[in-house]
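Engineer: Handing you this structure, nothing more for now.
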Amino acid sequence: MIERLRLENFKAFRHMDLPLAPFTLLSGVNAAGKSTTMQALALLRQSYDAGVLDHKGGLLLNGELVELGVGQDVLHENYADGGSKGPVPITIAATINGVECRWRVEYRAAEDREADLLKVPRSLRPSDLPEPDRSGLFGAGFQYLRADRIVPAVTYPKSFEMAVRRSFLGVRGEHTVNFLRAHQEDRVESEALRHPAAKSTGLLDQTEAWLREICPGVNLRAEDLRGTDMVRLSYGFGGTAGIKSSNVRYRPTNVGFGLTYALPIIVACLSTGPDRLVLLENPEAHLHPRGQTMVARLACRAVAAGAQMIIESHSDHVLNGLRLAVKDGVLTPNHVALHYFDRTDDGEIEVSSPEIDPDGMLSQWPRGFFDEWDSALDRLLD
């Protein structure tokens, strides 16, 4: 598990030292560093997958997970004007299973301004890197779902490499449908993740059961389009209030954004397990409040099954779903880290970290921390 993340001169942060937990929730104002935190971890994984995260390689800024631009784009704004005469250190350090692993580059304006591979001359030796099968960041089952996920479409890509061999859903969730098609009979191993109303422990039935928390009566079909490199997703409805299930199938384009946006999140949670890491941005997108709370409940169950979840969210319903999970005993307070990112009037980033108690209550509510409802209500009652 990743227990701490430290950044130096990386994008929004001059210095940042952030404790992480099995369930870490990042919230706060826009452009205050939440996405930078997620991108730093994704950058390490991207560089590792590319085979360059060693003393002869470096940090690969553009690739499958993130596209961060060139060297000057990831340099902290204090040095953005190129005023520094000497090299500027950029550091990403992650404490993994009690061991701090540090990757440090020295940005040189003349050489690295337009470079998208920043070399790490004083990094750890390759043998010092975490073992892939012991770390969620570098191991199997890693998932990163960005905010710009797939939209409803007629077809989706069919890639054996991504969906079957690597079991990767894609940063936009674009391989989810093919993953579901290939693994629909796979058993959801953890009892904590199984929905009590599902017809079986199979991945497809479990996915449908959790999706019905958003849209009652919905069912899924993921099909291969023979002779093509595409797969097709369709939805069906019915079977409630005494009405027989309809045989009519609907394209995602005729159903709406919410179900398709939530599908990769549900599949990522159900297919995760011990020592696996899921990075998730804005799970609340296009979901009504009950659906947002459901996503948080499922993410908490994934943590109870042994996974680590790091979630960026602006939703008080996601927060409350987490609080209820602690109150219900699904997680303990030690499983949770809450961080609120804000900017001071002079532009500096501040991070507040409320603590949660066994009843789901918080030790503090920083200004702006999910308090807009209370502020609006106070004005309405004034």
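In the structure tokens, each chain is lettered A, B, ... as it comes, each chain's residues begin at 1, and ligands are numbered from 1 in order of appearance.
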Could you pull out all residues of stretch 128-340 of chain A with a DSSP call of helix (DSSP H, G or I) and give them as a ChimeraX atom specification?

Structural biologist: /A:128,132-134,160-165,176-183,191-193,203-211,252-254,257-270,289-304,316-327,333-335

Engineer: Contacts of A:Ser352 at 12 Å or less, counting only C-alpha atoms, minus same-chain residues fewer than 3 places along, as a PyMOL selection string?

Structural biologist: chain A and resi 17-19+25-28+337-343+349+355+363-369

Engineer: Quick check, in Å to one decimal: how far apart do atom CA of A:Cys269 and atom CA of A:Leu61 lie?

Structural biologist: 27.2 Å

Engineer: Show which residues sit within 6 Å of A:Tyr235, as a list in words. Count only C-alpha atoms, and ignore same-chain residues fewer than 4 positions away.

Structural biologist: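 Residues meeting the cut-off are Asn219, Leu220, Arg249 and Tyr250 of chain A.
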
Engineer: Record the distance separating atom CA of A:Ser47 and atom CA of A:Leu60, expressed in Å with one decimal.

Structural biologist: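 Distance between the two atoms: 5.1 Å.
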
Engineer: How many Å lie between atom CA of A:Lys199 and atom CA of A:Met230, rounded to one decimal?

Structural biologist: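 These atoms are spaced 27.9 Å apart.
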
Engineer: May I have all residues of stretch 307-346 of chain A that DSSP, computed from the backbone, assigns to strand (DSSP E or B), given as a PyMOL selection string?

Structural biologist: chain A and resi 308-312+336-343

Engineer: Would you save the residues of that selection, restricted to N, CA, C and O atoms, as a PDB file, in the first residue's frame?

Structural biologist:
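File written: result_37.pdb
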```pdb
ATOM      1  N   GLN A 308      -6.698  -0.614  -2.329  1.00  0.00           N
ATOM      2  CA  GLN A 308      -6.495   0.782  -1.946  1.00  0.00           C
ATOM      3  C   GLN A 308      -7.187   1.656  -2.976  1.00  0.00           C
ATOM      4  O   GLN A 308      -6.990   1.488  -4.189  1.00  0.00           O
ATOM      5  N   MET A 309      -8.017   2.591  -2.503  1.00  0.00           N
ATOM      6  CA  MET A 309      -8.750   3.505  -3.373  1.00  0.00           C
ATOM      7  C   MET A 309      -8.296   4.929  -3.077  1.00  0.00           C
ATOM      8  O   MET A 309      -8.300   5.359  -1.921  1.00  0.00           O
ATOM      9  N   ILE A 310      -7.920   5.670  -4.103  1.00  0.00           N
ATOM     10  CA  ILE A 310      -7.626   7.097  -3.978  1.00  0.00           C
ATOM     11  C   ILE A 310      -8.596   7.807  -4.912  1.00  0.00           C
ATOM     12  O   ILE A 310      -8.558   7.611  -6.132  1.00  0.00           O
ATOM     13  N   ILE A 311      -9.490   8.600  -4.333  1.00  0.00           N
ATOM     14  CA  ILE A 311     -10.606   9.174  -5.079  1.00  0.00           C
ATOM     15  C   ILE A 311     -10.582  10.690  -4.976  1.00  0.00           C
ATOM     16  O   ILE A 311     -10.416  11.252  -3.885  1.00  0.00           O
ATOM     17  N   GLU A 312     -10.744  11.335  -6.111  1.00  0.00           N
ATOM     18  CA  GLU A 312     -10.935  12.783  -6.164  1.00  0.00           C
ATOM     19  C   GLU A 312     -12.405  13.060  -6.400  1.00  0.00           C
ATOM     20  O   GLU A 312     -12.992  12.528  -7.346  1.00  0.00           O
ATOM     21  N   VAL A 336      -9.187   5.453   6.645  1.00  0.00           N
ATOM     22  CA  VAL A 336      -9.635   6.634   5.903  1.00  0.00           C
ATOM     23  C   VAL A 336      -8.678   7.808   6.079  1.00  0.00           C
ATOM     24  O   VAL A 336      -8.204   8.087   7.187  1.00  0.00           O
ATOM     25  N   ALA A 337      -8.405   8.503   4.973  1.00  0.00           N
ATOM     26  CA  ALA A 337      -7.700   9.786   5.001  1.00  0.00           C
ATOM     27  C   ALA A 337      -8.501  10.777   4.173  1.00  0.00           C
ATOM     28  O   ALA A 337      -8.854  10.493   3.021  1.00  0.00           O
ATOM     29  N   LEU A 338      -8.823  11.924   4.772  1.00  0.00           N
ATOM     30  CA  LEU A 338      -9.561  12.986   4.089  1.00  0.00           C
ATOM     31  C   LEU A 338      -8.649  14.189   3.934  1.00  0.00           C
ATOM     32  O   LEU A 338      -8.028  14.629   4.906  1.00  0.00           O
ATOM     33  N   HIS A 339      -8.580  14.727   2.717  1.00  0.00           N
ATOM     34  CA  HIS A 339      -7.726  15.891   2.473  1.00  0.00           C
ATOM     35  C   HIS A 339      -8.500  16.923   1.667  1.00  0.00           C
ATOM     36  O   HIS A 339      -9.085  16.594   0.616  1.00  0.00           O
ATOM     37  N   TYR A 340      -8.501  18.158   2.170  1.00  0.00           N
ATOM     38  CA  TYR A 340      -9.173  19.268   1.495  1.00  0.00           C
ATOM     39  C   TYR A 340      -8.131  20.269   1.017  1.00  0.00           C
ATOM     40  O   TYR A 340      -7.357  20.820   1.808  1.00  0.00           O
ATOM     41  N   PHE A 341      -8.114  20.514  -0.304  1.00  0.00           N
ATOM     42  CA  PHE A 341      -7.135  21.394  -0.939  1.00  0.00           C
ATOM     43  C   PHE A 341      -7.751  22.779  -1.151  1.00  0.00           C
ATOM     44  O   PHE A 341      -8.835  22.908  -1.720  1.00  0.00           O
ATOM     45  N   ASP A 342      -7.020  23.804  -0.726  1.00  0.00           N
ATOM     46  CA  ASP A 342      -7.508  25.173  -0.871  1.00  0.00           C
ATOM     47  C   ASP A 342      -6.340  26.064  -1.250  1.00  0.00           C
ATOM     48  O   ASP A 342      -5.168  25.677  -1.114  1.00  0.00           O
ATOM     49  N   ARG A 343      -6.651  27.250  -1.746  1.00  0.00           N
ATOM     50  CA  ARG A 343      -5.615  28.234  -2.065  1.00  0.00           C
ATOM     51  C   ARG A 343      -5.808  29.467  -1.190  1.00  0.00           C
ATOM     52  O   ARG A 343      -6.927  29.930  -0.984  1.00  0.00           O
TER      53      ARG A 343
END
```

Engineer: Could you pull the residues within 10 Å of A:Gly170, counting only C-alpha atoms, minus those fewer than 2 positions along the same chain, as a list of chain:residue names?

Structural biologist: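 The neighbour list is A:Glu64, A:Leu65, A:Gln143, A:Tyr144, A:Leu145, A:Arg146, A:Arg149, A:Ile150, A:Met162, A:Ala163, A:Ser167, A:Phe168, A:Arg172, A:Gly173, A:Glu174, A:His175, A:Thr176, A:Pro264.
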
Engineer: Choose the residue, out of A:Glu213, A:Ala198, A:Val303, A:Arg4, that has the smallest atom-to-atom separation from A:Val99; count only C-alpha atoms.

Structural biologist: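 Comparing A:Glu213, A:Ala198, A:Val303, A:Arg4 against A:Val99, the winner is A:Arg4.
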
Engineer: Restricting the calculation to only C-alpha atoms, which member of A:Leu211, A:Val151, A:Ala110, A:Ile265 is positioned closest to A:Ala302?

Structural biologist: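 Of A:Leu211, A:Val151, A:Ala110, A:Ile265, the one nearest A:Ala302, counting only C-alpha atoms, is A:Ile265.
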
Engineer: With distances taken over only C-alpha atoms, which residue among A:Gly139, A:Gly86, A:Gly69, A:Gly63 lies nearest A:Ala115?

Structural biologist: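 The closest residue to A:Ala115 is A:Gly69.
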